[in-house]
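Note sheet for the following structure.
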Amino acid sequence: MTDAPATAAAEIAGPVPLSLPVLELRRVNAAYGPFRALFDVSLSVGEGETVALLGRNGAGKTTVARVASGLVEPTEGEVMVDGNDFTKARAHRYAKAGVVHVPEGRAVFPDFSVEENLTLAFSRTRDRAEVREALGRAFELFPPIAHRRRQIAGTLSGGEQRMLAMARVLVETPRLLIADELSLGLAPIVTDEVYAVLTRIRAAGTALLIVEQHIGHALALCDRAILLDHGAITWQGPSDEAARAVGASLFDTSGDSKS
Amino acid sequence: MTTSVLAAGVLEETIRAFFQGLPIGAGFALVAMSFVLTYKTSGVFNLAFGAQAFISAAAYFELHTRRDWPIWSAVLVAVLLVAPVLGLLLERLIFRHVHAVSAVAKLVISLGLMVALPELFKLAVDYNREQPFGAVGIIPDGTAVYRLFGRYPVTRDEIAAFAIMVAAALALAALFRYSRLGLRIRAVVQSPRMTELNGVNADWVSSGSWMLSSLFAGLAGVLLVPTTSSLGTVLEPRGYFPIVIAALAAAALGRLVSLPAAMFGGLLLGVVTTELRTHLPRDNVILNELRGSALPYVMLFAIIVFWPAIRRQIAGSDPLLGVAPPPPALAAANRSRGMTVYTRIMALAFFTAVGIWTFGYANNFWISRITHSVIFSIIFLSIVVFTGLGGQIALCQVTFAAIGAFTAMQFAQRWDVSVIVGMLAGAAIAAAVGAALSVPVMRLGGIWLAIATLAFALFFHDVLVKYGWVGGSLFHGRGVPRPQLFGVDFSSHKNFLVLCVAVLVVVGVLVILVRESSTGMALRALRGSETAAESIGVVSWRSRVIVFSVSAAIAAIGGGLLAMEEKQVSYEANYDPQIGLFWLVVVVVLGARTVEGGIQAGVAFVIFPVLVLERWLHLDGAWRFVLFGFAAISFARHPEGLLEHGKRRSQAAMQRLFTRRPPVAAAAGAGGAAGPGDEP
Ligand SMILES: Nc1ncnc2c1ncn2[C@@H]1O[C@H](COP(=O)(O)OP(=O)(O)O)[C@@H](O)[C@H]1O
Ligand SMILES: [Mg+2]
């Protein structure tokens, strides 16, 4: 019932020409009350493209991710999804359009079971068989949570919650996945596991916008990198030039120096 | 032998009361579940559910009794159509747009609705309040009596009310457990933003839950029709007020978040109420009053004060809480200097003009209105202290004003002491009562404090006023003389006005002193932040007591002057707790932050109805309540107060006019740190 307008809009829009970026931010400014967090940020992510958004703590990366998924409305500038103006659109419209966001931290419904978390995300149909199939796909991607279906999400370990949060957005294949600090607080092995899934998703044609403070994994995964500092973009270019272009000193790479 | 017969009689009475209590409790439970539902999904503590219950009941009454619709169609329209549509409208038009405002601001809005909705309804359907009220439940032949186990009488209506409540509760549980809407509502309760990220429109979900909760309230309204009518009342919004209070108490048992607790709490309170009514001894005024309407208030106060769960902070489990910007303070930040100068010049001009007119040309009617304005300004300064400085809401200022009025009256009547002395004694008594009241509610904040003080005000209203040593005796009446002081006779209108203005000046200065004192500083630091208030401990403890007693004393002084002005204590007209709700809304809507805000509110409260509504627009009384409701709603958009908002705009316009350059935009980024240029 709730999805009617968004789906209708998507149908009218029809197949999207390849040239249009999935997501485009045009001179976006954003603020939290009186506090200004972003200044004229412009970026775009094309079909199937993978972009790393890097920057130190407090640079505004999370804010970019929030603007790009409708959680924070820009004070100035525009946000386009598939060439449609989404500047004023709320988050559920982004999700409907296939732009999904895994927020930083424990981004699950803590009082729901694993299964309920996933069922909520799968809102395209009420058909039980289809729902089961979609859940099956999600569990196949993340075996560790597969046999914890009935466990309350709040009681999962940090890594499992992160996996659940990922699985949640993957029940319906997204067009663009925005992931915020996936590696934060995870054991290296778990981080590897999560990034392995991202690699699979990329291969399936989903575009990625990966927000990281630690550059190693992100640069290895992505074609392109964008550097953010004090709420403004300071550099963008191919991943392999990123570290050289700015000097590794900018980043706190102490915990993660894979590059 | 006799004792065992007596014991059997008591037992039988107890069981009978139990069965009579269940259907009443069912009504409480339904409204309590409504509270929980909307509080959980939209953070709104909707006191207007009583009004909504009334509207459904009145619609049912209107359709069935007055327009002879069959019962089933009247119920269908009143409960399944009117109630949810009303809920939908409230959510869509009002509460959806106030997500970000504080819980207290939402409370003010619901207070406005509580008053405005029934009046709007009466205007819309030409509802006739004088018509005696036929007791019709929703079951044909509802008054037929059955005997449970062969001895305990219950009516068909009562059985129906209980059965329908149980069915509704089960349906709600099933909806939550198994349906998609239920899953989504539970998701929104945890985190609206996360729900949105899942492609679910959270606003539609809250619309759904508002429709559901309003449906429950409407159902309760209709089910309780036989109960309220058996008390012999006309169907009036007021009749639903005790039900709302009892439902509040039930919801409070579950800290406003647990639906099962709300349901069982409602049933429990229904039973406890009837049991106490049956068993309380009848030879004591207080206990007798408890048997009447006071019981819900006492229970509510007791639950809020003694139920340990209330004190526990409800930990926000929303993983996306960090997205929200820091909440704005209850009132806007300090004004600019230009604004202050501008205000002072305008105020001086205004008061000079009014003063010249009053003493030179005004007739007695207008002098009396102006005196009233001055007195209400004094009373409203007590709200400025409590709400403007303290950042909290108390709904018992009216009680303190009544204490001042009654003390002045008692001193004059009993001991023939000057009313001025009586008024000051009243202020002292009110301050003591305020301080005493502040102790049990010390750790409460926000809506809990508001509700506890409301319960206190209602208790005073329903119980204490009936004592001769408080409310005076029928024999002596409630007359109060005008004062004499230092040989000056204040019985003339103009002299008394001068006295009132002098008192206003003194009180105004006092308020400013409190604001600039260390207590005021501490309050300012705490305002709006309950967690900060909790962690500061001793400082906040002391300032709480001071704020309670200072504001109580100010209200009492105003109340005493009001009695002298009217030469009697018009208790029902001036000091009813529901009028206190009015006061609060008027003051916060017009500007609770400053002394002039209080004065403006006092002037508006008295002059606006006479001048604008009666003389100019010729509006019916009901429209005033509607206007008042809209004013309350406007508070969400202009929390600094309407007049302050207007002044800012007019000052900006003046500035444009005189300087011919655009006013410097109020530095939006002033609080922001990181510009792109400032590299560390
Ligand atoms: N809800 C909020 N309210 C106020 N300021 C915020 C809020 N969220 C983030 N900020 C501020 O915005 C700036 C950018 O934050 P963020 O986007 O989270 O940075 P990053 O993700 O790069 O660490 C920081 O200075 C942060 O303090
Ligand atoms: Mg971040």
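Identifiers in this document derive from the order of the structure tokens: chains are assigned A, B, ..., residues are numbered from 1 separately in each chain, and ligands are numbered from 1 in order of occurrence.
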Name each residue within 7 Å of ligand 1, counting only C-alpha atoms and all ligand atoms, as a ChimeraX atom specification. /A:32-33,35,37,55-64,231 /B:322-326
Save the residues we just selected, N, CA, C and O atoms, as a PDB file, in the first residue's frame?
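Heads up, here's the output in part00.pdb:
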ATOM      1  N   TYR A  32      23.282  20.825  10.291  1.00  0.00           N
ATOM      2  CA  TYR A  32      22.519  20.292  11.428  1.00  0.00           C
ATOM      3  C   TYR A  32      22.119  21.470  12.288  1.00  0.00           C
ATOM      4  O   TYR A  32      22.958  22.013  13.016  1.00  0.00           O
ATOM      5  N   GLY A  33      20.889  21.928  12.172  1.00  0.00           N
ATOM      6  CA  GLY A  33      20.510  23.138  12.874  1.00  0.00           C
ATOM      7  C   GLY A  33      21.425  24.265  12.417  1.00  0.00           C
ATOM      8  O   GLY A  33      21.600  24.487  11.219  1.00  0.00           O
ATOM      9  N   PHE A  35      24.609  24.346  12.626  1.00  0.00           N
ATOM     10  CA  PHE A  35      25.944  23.862  12.300  1.00  0.00           C
ATOM     11  C   PHE A  35      26.024  23.430  10.845  1.00  0.00           C
ATOM     12  O   PHE A  35      25.314  22.508  10.426  1.00  0.00           O
ATOM     13  N   ALA A  37      27.621  21.536   7.814  1.00  0.00           N
ATOM     14  CA  ALA A  37      28.483  20.363   7.718  1.00  0.00           C
ATOM     15  C   ALA A  37      29.025  20.144   6.311  1.00  0.00           C
ATOM     16  O   ALA A  37      30.102  19.584   6.148  1.00  0.00           O
ATOM     17  N   GLY A  55      38.139  10.415   4.106  1.00  0.00           N
ATOM     18  CA  GLY A  55      38.350  11.660   4.841  1.00  0.00           C
ATOM     19  C   GLY A  55      38.475  11.366   6.314  1.00  0.00           C
ATOM     20  O   GLY A  55      38.052  10.312   6.777  1.00  0.00           O
ATOM     21  N   ARG A  56      39.065  12.321   7.028  1.00  0.00           N
ATOM     22  CA  ARG A  56      39.291  12.038   8.442  1.00  0.00           C
ATOM     23  C   ARG A  56      37.986  12.159   9.230  1.00  0.00           C
ATOM     24  O   ARG A  56      36.963  12.587   8.698  1.00  0.00           O
ATOM     25  N   ASN A  57      38.089  11.831  10.479  1.00  0.00           N
ATOM     26  CA  ASN A  57      36.934  11.888  11.378  1.00  0.00           C
ATOM     27  C   ASN A  57      36.321  13.284  11.381  1.00  0.00           C
ATOM     28  O   ASN A  57      37.031  14.264  11.536  1.00  0.00           O
ATOM     29  N   GLY A  58      35.022  13.363  11.197  1.00  0.00           N
ATOM     30  CA  GLY A  58      34.358  14.659  11.238  1.00  0.00           C
ATOM     31  C   GLY A  58      34.419  15.441   9.943  1.00  0.00           C
ATOM     32  O   GLY A  58      33.991  16.592   9.884  1.00  0.00           O
ATOM     33  N   ALA A  59      34.938  14.827   8.879  1.00  0.00           N
ATOM     34  CA  ALA A  59      35.071  15.532   7.611  1.00  0.00           C
ATOM     35  C   ALA A  59      33.718  15.765   6.948  1.00  0.00           C
ATOM     36  O   ALA A  59      33.566  16.652   6.111  1.00  0.00           O
ATOM     37  N   GLY A  60      32.746  14.946   7.285  1.00  0.00           N
ATOM     38  CA  GLY A  60      31.423  15.104   6.674  1.00  0.00           C
ATOM     39  C   GLY A  60      31.030  13.927   5.794  1.00  0.00           C
ATOM     40  O   GLY A  60      30.042  14.003   5.058  1.00  0.00           O
ATOM     41  N   LYS A  61      31.777  12.828   5.876  1.00  0.00           N
ATOM     42  CA  LYS A  61      31.482  11.663   5.036  1.00  0.00           C
ATOM     43  C   LYS A  61      30.092  11.112   5.322  1.00  0.00           C
ATOM     44  O   LYS A  61      29.304  10.868   4.414  1.00  0.00           O
ATOM     45  N   THR A  62      29.818  10.932   6.615  1.00  0.00           N
ATOM     46  CA  THR A  62      28.504  10.398   6.979  1.00  0.00           C
ATOM     47  C   THR A  62      27.399  11.325   6.504  1.00  0.00           C
ATOM     48  O   THR A  62      26.349  10.878   6.040  1.00  0.00           O
ATOM     49  N   THR A  63      27.659  12.621   6.602  1.00  0.00           N
ATOM     50  CA  THR A  63      26.648  13.569   6.155  1.00  0.00           C
ATOM     51  C   THR A  63      26.395  13.420   4.661  1.00  0.00           C
ATOM     52  O   THR A  63      25.250  13.471   4.204  1.00  0.00           O
ATOM     53  N   VAL A  64      27.443  13.238   3.870  1.00  0.00           N
ATOM     54  CA  VAL A  64      27.257  13.003   2.440  1.00  0.00           C
ATOM     55  C   VAL A  64      26.395  11.770   2.231  1.00  0.00           C
ATOM     56  O   VAL A  64      25.435  11.778   1.445  1.00  0.00           O
ATOM     57  N   GLY A 231      34.105  19.259   5.293  1.00  0.00           N
ATOM     58  CA  GLY A 231      32.835  19.421   4.606  1.00  0.00           C
ATOM     59  C   GLY A 231      32.928  19.803   3.148  1.00  0.00           C
ATOM     60  O   GLY A 231      31.913  20.117   2.533  1.00  0.00           O
TER      61      GLY A 231
ATOM     62  N   GLY B 322      21.449   9.874  15.779  1.00  0.00           N
ATOM     63  CA  GLY B 322      22.478  10.864  15.483  1.00  0.00           C
ATOM     64  C   GLY B 322      22.184  11.731  14.280  1.00  0.00           C
ATOM     65  O   GLY B 322      22.856  12.728  14.066  1.00  0.00           O
ATOM     66  N   VAL B 323      21.168  11.377  13.496  1.00  0.00           N
ATOM     67  CA  VAL B 323      20.881  12.171  12.314  1.00  0.00           C
ATOM     68  C   VAL B 323      20.240  13.500  12.686  1.00  0.00           C
ATOM     69  O   VAL B 323      20.454  14.523  12.054  1.00  0.00           O
ATOM     70  N   ALA B 324      19.455  13.481  13.758  1.00  0.00           N
ATOM     71  CA  ALA B 324      18.723  14.681  14.127  1.00  0.00           C
ATOM     72  C   ALA B 324      19.678  15.758  14.613  1.00  0.00           C
ATOM     73  O   ALA B 324      20.614  15.477  15.346  1.00  0.00           O
ATOM     74  N   PRO B 325      19.433  16.995  14.195  1.00  0.00           N
ATOM     75  CA  PRO B 325      20.237  18.084  14.747  1.00  0.00           C
ATOM     76  C   PRO B 325      19.900  18.254  16.221  1.00  0.00           C
ATOM     77  O   PRO B 325      18.845  17.796  16.667  1.00  0.00           O
ATOM     78  N   PRO B 326      20.778  18.892  16.986  1.00  0.00           N
ATOM     79  CA  PRO B 326      20.467  19.103  18.394  1.00  0.00           C
ATOM     80  C   PRO B 326      19.141  19.843  18.518  1.00  0.00           C
ATOM     81  O   PRO B 326      18.847  20.716  17.715  1.00  0.00           O
TER      82      PRO B 326
END
Residues of chain A that have any atom at most 7 Å from an atom of chain B: could you tabulate them with the shortest-distance atom pair and the distance in Å to one decimal, using only C-alpha atoms, ordered by chain and increasing number, as a Markdown table?
| residue | atom | partner | partner_atom | distance |
| --- | --- | --- | --- | --- |
| A:Thr2 | CA | B:Asn201 | CA | 6.3 |
| A:Tyr32 | CA | B:Pro325 | CA | 4.6 |
| A:Gly33 | CA | B:Pro325 | CA | 5.4 |
| A:Pro34 | CA | B:Gly671 | CA | 5.6 |
| A:Phe35 | CA | B:Gly672 | CA | 4.0 |
| A:Arg36 | CA | B:Gly672 | CA | 5.2 |
| A:Phe39 | CA | B:Pro676 | CA | 6.8 |
| A:Ala91 | CA | B:Glu196 | CA | 5.3 |
| A:His92 | CA | B:Gly199 | CA | 4.0 |
| A:Arg93 | CA | B:Gly199 | CA | 6.4 |
| A:Ala95 | CA | B:Gly199 | CA | 4.7 |
| A:Lys96 | CA | B:Gly199 | CA | 5.3 |
| A:Val100 | CA | B:Leu197 | CA | 6.9 |
| A:His101 | CA | B:Leu197 | CA | 6.8 |
| A:Arg106 | CA | B:Pro319 | CA | 6.3 |
| A:Ala107 | CA | B:Pro319 | CA | 5.7 |
| A:Phe109 | CA | B:Gln190 | CA | 6.6 |
| A:Leu120 | CA | B:Asn198 | CA | 7.0 |
| A:Ala121 | CA | B:Asn198 | CA | 4.8 |
| A:His230 | CA | B:Ala674 | CA | 5.5 |
| A:Gly231 | CA | B:Pro676 | CA | 6.5 |
| A:Ala232 | CA | B:Pro676 | CA | 5.8 |
What does the structure give for the distance between atom CA of B:Leu444 and atom CA of B:Gly508, in Å to one decimal?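 Separation between atom CA of B:Leu444 and atom CA of B:Gly508: 27.9 Å.
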Step one, run DSSP on the backbone; step two, keep only residues of stretch 51-292 of chain B assigned to alpha helix (DSSP H); then write them as a PyMOL selection string. chain B and resi 51-61+71-75+83-93+103-125+156-178+180-190+192-197+202-223+225-230+241-253+259-279+285-289
Can you tell me, as a list in words, what residues are no more than 7 Å from B:Pro296 when counting only C-alpha atoms, ignoring any on the same chain fewer than 4 positions away?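 My list of contacting residues is Pro242, Ile245, Ala246 and Leu300 of chain B.
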What residues in stretch 26-249 of chain A get the DSSP label strand (DSSP E or B)? Please answer as a CSV table (one decimal) with N, CA, C and O atoms, in the first residue's frame.
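Contents of result22.csv, as written:
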chain,number,residue,atom,x,y,z
A,26,ARG,N,24.7,17.9,-6.6
A,26,ARG,CA,25.1,19.1,-7.3
A,26,ARG,C,25.2,20.3,-6.3
A,26,ARG,O,24.2,20.7,-5.8
A,27,ARG,N,26.4,20.7,-6.0
A,27,ARG,CA,26.7,21.8,-5.1
A,27,ARG,C,25.8,21.7,-3.9
A,27,ARG,O,25.1,22.7,-3.5
A,28,VAL,N,25.9,20.6,-3.2
A,28,VAL,CA,25.1,20.4,-2.0
A,28,VAL,C,25.7,21.0,-0.8
A,28,VAL,O,26.9,20.9,-0.5
A,29,ASN,N,24.9,21.8,-0.1
A,29,ASN,CA,25.2,22.3,1.3
A,29,ASN,C,24.3,21.6,2.3
A,29,ASN,O,23.1,21.4,1.9
A,30,ALA,N,24.8,21.3,3.4
A,30,ALA,CA,23.9,20.6,4.4
A,30,ALA,C,24.3,21.1,5.8
A,30,ALA,O,25.4,21.6,6.0
A,31,ALA,N,23.4,21.1,6.7
A,31,ALA,CA,23.6,21.6,8.0
A,31,ALA,C,22.8,20.9,9.1
A,31,ALA,O,21.8,20.3,8.7
A,32,TYR,N,23.3,20.8,10.3
A,32,TYR,CA,22.5,20.3,11.4
A,32,TYR,C,22.1,21.5,12.3
A,32,TYR,O,23.0,22.0,13.0
A,35,PHE,N,24.6,24.3,12.6
A,35,PHE,CA,25.9,23.9,12.3
A,35,PHE,C,26.0,23.4,10.8
A,35,PHE,O,25.3,22.5,10.4
A,36,ARG,N,26.9,24.1,10.1
A,36,ARG,CA,27.0,23.7,8.7
A,36,ARG,C,28.0,22.6,8.5
A,36,ARG,O,29.2,22.7,8.9
A,37,ALA,N,27.6,21.5,7.8
A,37,ALA,CA,28.5,20.4,7.7
A,37,ALA,C,29.0,20.1,6.3
A,37,ALA,O,30.1,19.6,6.1
A,38,LEU,N,28.3,20.6,5.3
A,38,LEU,CA,28.8,20.4,3.9
A,38,LEU,C,28.8,21.7,3.1
A,38,LEU,O,27.9,22.5,3.3
A,39,PHE,N,29.8,21.9,2.3
A,39,PHE,CA,29.9,23.1,1.5
A,39,PHE,C,30.1,22.7,0.0
A,39,PHE,O,31.1,22.2,-0.4
A,40,ASP,N,29.1,23.0,-0.8
A,40,ASP,CA,29.2,22.8,-2.2
A,40,ASP,C,29.8,21.5,-2.6
A,40,ASP,O,30.7,21.5,-3.4
A,41,VAL,N,29.2,20.5,-2.1
A,41,VAL,CA,29.7,19.1,-2.5
A,41,VAL,C,29.0,18.7,-3.8
A,41,VAL,O,27.8,18.6,-3.9
A,42,SER,N,29.9,18.4,-4.8
A,42,SER,CA,29.3,17.8,-6.1
A,42,SER,C,30.0,16.5,-6.3
A,42,SER,O,31.2,16.4,-6.3
A,43,LEU,N,29.2,15.5,-6.6
A,43,LEU,CA,29.8,14.2,-7.0
A,43,LEU,C,28.7,13.4,-7.7
A,43,LEU,O,27.5,13.7,-7.6
A,44,SER,N,29.2,12.4,-8.4
A,44,SER,CA,28.2,11.5,-9.1
A,44,SER,C,28.8,10.1,-9.1
A,44,SER,O,30.0,9.9,-9.1
A,45,VAL,N,27.8,9.2,-9.0
A,45,VAL,CA,28.2,7.8,-9.1
A,45,VAL,C,27.4,7.2,-10.3
A,45,VAL,O,26.2,7.2,-10.3
A,50,THR,N,32.1,2.1,-8.8
A,50,THR,CA,32.4,2.0,-7.4
A,50,THR,C,33.3,3.2,-6.9
A,50,THR,O,34.3,3.4,-7.5
A,51,VAL,N,32.8,3.8,-5.9
A,51,VAL,CA,33.5,5.1,-5.5
A,51,VAL,C,33.8,5.0,-4.0
A,51,VAL,O,32.9,4.6,-3.2
A,52,ALA,N,35.0,5.3,-3.6
A,52,ALA,CA,35.3,5.4,-2.2
A,52,ALA,C,35.3,6.9,-1.7
A,52,ALA,O,35.8,7.7,-2.4
A,53,LEU,N,34.6,7.1,-0.6
A,53,LEU,CA,34.6,8.4,-0.1
A,53,LEU,C,35.4,8.4,1.2
A,53,LEU,O,35.1,7.8,2.2
A,54,LEU,N,36.5,9.2,1.1
A,54,LEU,CA,37.5,9.1,2.2
A,54,LEU,C,37.6,10.5,2.9
A,54,LEU,O,37.3,11.5,2.3
A,76,GLU,N,21.1,23.7,0.4
A,76,GLU,CA,21.2,24.2,-0.9
A,76,GLU,C,21.7,23.1,-1.8
A,76,GLU,O,22.3,22.1,-1.4
A,77,GLY,N,21.5,23.3,-3.1
A,77,GLY,CA,21.9,22.3,-4.1
A,77,GLY,C,20.9,21.3,-4.4
A,77,GLY,O,19.8,21.3,-3.8
A,78,GLU,N,21.2,20.3,-5.3
A,78,GLU,CA,20.3,19.3,-5.7
A,78,GLU,C,20.8,17.9,-5.6
A,78,GLU,O,22.0,17.7,-5.6
A,79,VAL,N,19.9,17.0,-5.4
A,79,VAL,CA,20.3,15.6,-5.4
A,79,VAL,C,19.5,14.9,-6.5
A,79,VAL,O,18.2,15.0,-6.5
A,80,MET,N,20.1,14.3,-7.5
A,80,MET,CA,19.4,13.6,-8.5
A,80,MET,C,19.6,12.1,-8.4
A,80,MET,O,20.7,11.6,-8.2
A,81,VAL,N,18.5,11.4,-8.6
A,81,VAL,CA,18.6,9.9,-8.7
A,81,VAL,C,18.1,9.5,-10.1
A,81,VAL,O,17.0,9.8,-10.4
A,84,ASN,N,16.3,12.1,-11.9
A,84,ASN,CA,15.1,12.7,-11.4
A,84,ASN,C,15.5,13.5,-10.1
A,84,ASN,O,16.4,13.1,-9.4
A,85,ASP,N,14.8,14.6,-9.9
A,85,ASP,CA,15.1,15.5,-8.8
A,85,ASP,C,14.6,14.8,-7.5
A,85,ASP,O,13.4,14.6,-7.3
A,99,VAL,N,18.4,3.1,-4.2
A,99,VAL,CA,19.6,3.7,-3.6
A,99,VAL,C,19.5,3.3,-2.1
A,99,VAL,O,18.7,3.9,-1.3
A,100,VAL,N,20.3,2.4,-1.6
A,100,VAL,CA,20.1,1.9,-0.3
A,100,VAL,C,21.3,2.3,0.6
A,100,VAL,O,22.4,2.5,0.0
A,101,HIS,N,21.1,2.4,1.9
A,101,HIS,CA,22.1,3.0,2.7
A,101,HIS,C,22.3,2.1,4.0
A,101,HIS,O,21.3,1.7,4.6
A,102,VAL,N,23.5,1.6,4.2
A,102,VAL,CA,23.8,0.9,5.4
A,102,VAL,C,24.5,1.9,6.4
A,102,VAL,O,25.6,2.3,6.2
A,113,SER,N,13.5,-9.7,15.5
A,113,SER,CA,14.3,-10.8,15.2
A,113,SER,C,15.0,-10.6,13.9
A,113,SER,O,14.7,-9.7,13.2
A,152,ILE,N,16.9,-12.2,18.6
A,152,ILE,CA,16.6,-10.8,18.6
A,152,ILE,C,17.9,-10.0,18.1
A,152,ILE,O,19.0,-10.3,18.7
A,176,LEU,N,22.3,1.1,-6.2
A,176,LEU,CA,23.5,1.8,-5.5
A,176,LEU,C,23.5,1.5,-4.0
A,176,LEU,O,22.5,1.7,-3.4
A,177,LEU,N,24.6,1.0,-3.6
A,177,LEU,CA,24.7,0.7,-2.2
A,177,LEU,C,25.6,1.7,-1.5
A,177,LEU,O,26.8,1.8,-1.9
A,178,ILE,N,25.1,2.4,-0.5
A,178,ILE,CA,26.0,3.3,0.2
A,178,ILE,C,26.3,2.7,1.5
A,178,ILE,O,25.4,2.3,2.3
A,179,ALA,N,27.6,2.5,1.8
A,179,ALA,CA,27.9,1.8,3.1
A,179,ALA,C,28.8,2.7,3.9
A,179,ALA,O,29.8,3.2,3.4
A,180,ASP,N,28.5,2.9,5.1
A,180,ASP,CA,29.2,3.9,6.0
A,180,ASP,C,30.0,3.2,7.0
A,180,ASP,O,29.5,2.5,7.9
A,207,ALA,N,26.2,-0.4,-8.2
A,207,ALA,CA,27.1,0.6,-7.9
A,207,ALA,C,27.4,0.7,-6.4
A,207,ALA,O,26.5,0.4,-5.6
A,208,LEU,N,28.6,1.2,-6.0
A,208,LEU,CA,28.9,1.3,-4.6
A,208,LEU,C,29.4,2.7,-4.3
A,208,LEU,O,30.2,3.2,-5.0
A,209,LEU,N,29.0,3.2,-3.1
A,209,LEU,CA,29.6,4.4,-2.6
A,209,LEU,C,30.1,4.0,-1.2
A,209,LEU,O,29.3,3.8,-0.3
A,210,ILE,N,31.4,3.8,-1.0
A,210,ILE,CA,31.9,3.2,0.2
A,210,ILE,C,32.6,4.3,1.0
A,210,ILE,O,33.5,5.0,0.6
A,211,VAL,N,32.0,4.5,2.2
A,211,VAL,CA,32.6,5.6,3.1
A,211,VAL,C,33.5,4.9,4.1
A,211,VAL,O,33.2,4.0,4.7
A,212,GLU,N,34.8,5.4,4.1
A,212,GLU,CA,35.7,4.8,5.0
A,212,GLU,C,36.7,5.8,5.6
A,212,GLU,O,37.0,6.8,4.9
A,224,ARG,N,37.3,4.5,-8.1
A,224,ARG,CA,37.5,6.0,-8.0
A,224,ARG,C,37.4,6.4,-6.5
A,224,ARG,O,36.8,5.7,-5.7
A,225,ALA,N,38.1,7.5,-6.2
A,225,ALA,CA,38.1,7.9,-4.8
A,225,ALA,C,37.7,9.4,-4.8
A,225,ALA,O,38.1,10.2,-5.7
A,226,ILE,N,37.1,9.8,-3.7
A,226,ILE,CA,36.8,11.2,-3.4
A,226,ILE,C,37.3,11.6,-2.0
A,226,ILE,O,37.0,10.8,-1.1
A,227,LEU,N,38.0,12.7,-1.9
A,227,LEU,CA,38.5,13.0,-0.6
A,227,LEU,C,37.7,14.2,-0.1
A,227,LEU,O,37.4,15.2,-0.8
A,228,LEU,N,37.3,14.1,1.2
A,228,LEU,CA,36.5,15.1,1.8
A,228,LEU,C,37.3,15.7,3.0
A,228,LEU,O,37.9,14.9,3.7
A,229,ASP,N,37.3,17.0,3.1
A,229,ASP,CA,37.9,17.6,4.3
A,229,ASP,C,37.1,18.8,4.7
A,229,ASP,O,36.8,19.7,3.9
A,232,ALA,N,34.1,19.8,2.6
A,232,ALA,CA,34.2,20.1,1.1
A,232,ALA,C,35.1,19.1,0.5
A,232,ALA,O,36.0,18.5,1.1
A,233,ILE,N,34.9,18.9,-0.8
A,233,ILE,CA,35.7,17.9,-1.6
A,233,ILE,C,37.0,18.6,-1.9
A,233,ILE,O,37.1,19.7,-2.4
A,234,THR,N,38.1,17.9,-1.6
A,234,THR,CA,39.4,18.4,-1.9
A,234,THR,C,40.1,17.7,-3.0
A,234,THR,O,41.1,18.3,-3.6
A,235,TRP,N,39.7,16.6,-3.4
A,235,TRP,CA,40.3,15.9,-4.5
A,235,TRP,C,39.4,14.7,-4.9
A,235,TRP,O,38.8,14.1,-4.1
A,236,GLN,N,39.4,14.5,-6.2
A,236,GLN,CA,38.8,13.2,-6.7
A,236,GLN,C,39.6,12.7,-7.9
A,236,GLN,O,40.1,13.4,-8.7
A,237,GLY,N,39.6,11.4,-8.0
A,237,GLY,CA,40.4,10.8,-9.1
A,237,GLY,C,40.4,9.3,-9.0
A,237,GLY,O,39.7,8.7,-8.1
A,238,PRO,N,41.2,8.6,-9.8
A,238,PRO,CA,41.2,7.1,-9.8
A,238,PRO,C,41.8,6.7,-8.4
A,238,PRO,O,42.7,7.3,-7.9
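A straight line drawn from atom CA of B:Val385 to atom CA of B:Leu562 is 19.5 Å long.
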Report, in Å to a single decimal, how far apart atom CA of B:Gln578 and atom CA of B:Gln410 are. 24.3 Å
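Among the candidate residues A:Glu181, A:Glu133, A:Asp240, A:Glu116, the one lying nearest to ligand 2 is A:Glu181, with distances computed using only C-alpha atoms and all ligand atoms.
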